[in-house]
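Down below is the structure, laid out as structure tokens.
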Amino acid sequence: MGPLIITVILVCGFWYTENHYPSRIHHARTNGWTSYFYVAMHGCRFIVLGFLLAVALSFTVWILGSVICNIVNLFSKEPYDWGFGSWFMNEKVMELPLLAVASLCLSCLIAYAQGDAEKKKMEDEDERQSAYRIMAASDSIESLLVQAIDEKMLIFVTLKSRKVYVGYVVAPRIELHNTRHLEIIPFISGYRDKNTLRFVEQHRYSDLYLSRGIDLESKPLNLQHFRHVFPMDQIEAISLFDAETYKHFDEFSEPIPDKKTEKKTEDQNE
């Protein structure tokens with residue numbers, strides 16, 4: 001009986017976790033024994049609910065049967081004994097108590113019903129976004145990406161290769177560790193200088209879009225055709241980017257030393 005209960009716990013927990021959006025994200029961020037215990041936690045909840053429902057239903061049937069039996073006995077010469085309680089507690093199915101079998105079956109039904117309801121609920125994009133925002137609040141990168149989407153701000157993405165992209169967030173996908181990626185529509189690209197790590201601008205996608213009349217609905221090309229997808233493990237840093245501030249940023253930055261002047265000074269010192 002023990003292995004059967006454990007199996008039901010894991011199956012019920014896994015079904016619900018896979019279909020409940022916040023639980024799926026939380027489960028994807030765990031590993032090892034933590035992952036198993038998280039699934040088992042949901043499974044145990046369904047086992048308890050199934051047992052309580054089985055007891056409640058059996059008690060209801062026993063009460064109704066007893067009332068009907070007492071009414072029948074009022075008009076019957078031979079008293080009828082309603083032995084549902086003892087039968088339900090002592091009856092066995094495949095050498096398992098009927099109460100246990102009923103509890104396990106009801107647990108599976110409850111888990112399936114709740115999991116299916118959550119699955120259908122997440123088909124609604126508004127519900128999905130709402131659930132995502134709740135989960136994103138617990139992660140600094142995700143909350144920053146949500147802020148960029150809400151405020152329609154550009155983001156500044158630095159890759160580990162020192163390549164830099166500035167663009168609008170299309171879709172941050174962070175549900176699973178092995179499929180974590182960031183999708184943006186680039187407006188500016190460049191790189192960080194290997195010595196100063198300052199941003200060096202190379203390409204202005206925004207000027208290209210304007211010159212060719214490319215927007216979200218243009219044909220044959222639109223902005224979606226220029227989107228870039230970056231694996232999150234290749235990203236070094238992400239920050240919000242304001243175009244107006246960027247124009248005046250150099251006014252408040254230290255000037256880059258002239259290499260020729262530096263070399264001349266070194267030669268004079270020698």
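Each chain in the structure tokens gets a letter, A, B, ..., in the order shown, and its residues are numbered from 1; ligands are numbered from 1 in order too.
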(request) Please provide as a list in words all residues within 9 Å of range 18-25 of chain A, with the sequence filter that same-chain residues fewer than 5 positions apart are discarded (counting only C-alpha atoms). (result)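 My reading of the contact set: Gly13, Tyr38, Gln114, Gly115, Asp116, Ala117, Glu118, Lys119, Lys120, Lys121, Met122, Arg128, Ala131, Tyr132, Ile134, Met135, Ile174, Glu175 and Leu176 of chain A.
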Same residues, C-alpha atoms, saved as a short mmCIF file (atom, residue, chain, number, x, y, z; two decimals), in the first residue's frame:
```
data_model
loop_
_atom_site.label_atom_id
_atom_site.label_comp_id
_atom_site.auth_asym_id
_atom_site.auth_seq_id
_atom_site.Cartn_x
_atom_site.Cartn_y
_atom_site.Cartn_z
CA GLY A 13 1.74 16.51 -7.52
CA TYR A 38 8.03 20.39 -3.93
CA GLN A 114 -7.59 21.40 -10.44
CA GLY A 115 -4.72 20.84 -12.88
CA ASP A 116 -7.03 20.96 -15.88
CA ALA A 117 -8.69 24.12 -14.55
CA GLU A 118 -5.29 25.81 -14.13
CA LYS A 119 -4.27 24.69 -17.62
CA LYS A 120 -7.37 26.26 -19.18
CA LYS A 121 -6.89 29.35 -17.05
CA MET A 122 -3.39 29.88 -18.43
CA ARG A 128 -0.81 34.20 -17.79
CA ALA A 131 0.77 35.05 -12.94
CA TYR A 132 4.11 35.82 -14.59
CA ILE A 134 3.71 37.76 -9.55
CA MET A 135 6.60 35.35 -10.07
CA ILE A 174 12.47 32.41 -17.87
CA GLU A 175 10.23 29.46 -16.98
CA LEU A 176 12.88 26.76 -17.34
#
```
(request) Find, counting only C-alpha atoms, the residue in A:Leu197, A:Leu74, A:Ala54, A:Ala111 that gets nearest to Met89 in chain A. (result)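 For Met89 in chain A, the nearest of the candidates is A:Ala54.
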Could you write out, as a compact mmCIF listing (two decimals) with C-alpha atoms, in the first residue's frame, all the residues of range 8-240 of chain A that DSSP marks as strand (DSSP E or B)?
```
# COMPACT_ATOMS: atom_id res chain seq x y z
CA LYS A 92 -11.13 -4.66 0.66
CA VAL A 93 -10.31 -4.16 -3.01
CA LEU A 96 -6.55 -2.70 0.12
CA PRO A 97 -9.19 -1.13 2.41
CA LEU A 154 14.62 50.29 -24.05
CA ILE A 155 17.04 47.95 -22.31
CA PHE A 156 20.83 47.86 -22.51
CA VAL A 157 22.12 44.29 -22.81
CA THR A 158 25.81 43.42 -22.45
CA LEU A 159 26.82 39.91 -23.53
CA LYS A 163 28.82 42.68 -27.65
CA VAL A 164 26.12 45.20 -26.70
CA TYR A 165 22.52 45.54 -27.86
CA VAL A 166 19.95 48.22 -27.07
CA GLY A 167 16.34 47.40 -27.87
CA TYR A 168 12.78 46.72 -26.78
CA VAL A 169 11.88 43.55 -24.89
CA VAL A 170 9.73 41.22 -26.99
CA ALA A 171 9.53 38.20 -24.71
CA PRO A 172 11.51 37.27 -21.62
CA ARG A 173 11.21 33.49 -21.25
CA HIS A 181 16.28 33.37 -23.09
CA LEU A 182 15.67 37.02 -23.78
CA GLU A 183 14.12 38.22 -27.02
CA ILE A 184 14.51 41.84 -28.11
CA ILE A 185 14.05 44.06 -31.18
CA PRO A 186 17.42 45.87 -31.49
CA PHE A 187 17.65 49.63 -32.04
CA ILE A 188 21.39 50.10 -31.48
CA SER A 189 24.26 47.61 -31.35
CA GLY A 190 27.95 47.87 -30.59
CA TYR A 191 30.60 46.54 -28.24
CA ARG A 192 32.53 47.42 -25.12
CA PHE A 199 30.28 51.37 -25.13
CA VAL A 200 31.28 51.85 -28.77
CA GLU A 201 28.32 52.25 -31.10
CA GLN A 202 28.43 50.32 -34.39
CA HIS A 203 24.98 49.98 -35.94
CA ARG A 204 21.80 52.04 -35.65
CA HIS A 228 17.36 38.83 -31.57
CA VAL A 229 17.21 35.93 -29.10
CA PHE A 230 19.89 35.66 -26.42
CA PRO A 231 20.37 32.72 -24.01
CA ILE A 235 24.17 37.77 -20.81
CA GLU A 236 26.58 39.67 -18.58
CA ALA A 237 24.33 42.56 -17.55
CA ILE A 238 20.95 44.17 -18.26
CA SER A 239 19.85 47.72 -17.49
CA LEU A 240 17.17 50.18 -18.55
```
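The two atoms in question, CA of Glu244 in chain A and CA of Tyr205 in chain A, are spaced 16.9 Å apart.
Of the residues under consideration (A:Asp242, A:Glu251, A:Asp126, A:Asp139), A:Asp139 shows the shortest atom-to-atom contact distance to His26 in chain A when counting only C-alpha atoms.
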(message) Considering only C-alpha atoms, can you say which of A:Ala148, A:Leu64, A:Cys69, A:Leu57 comes closest to Ala102 in chain A?
(response) A:Leu57
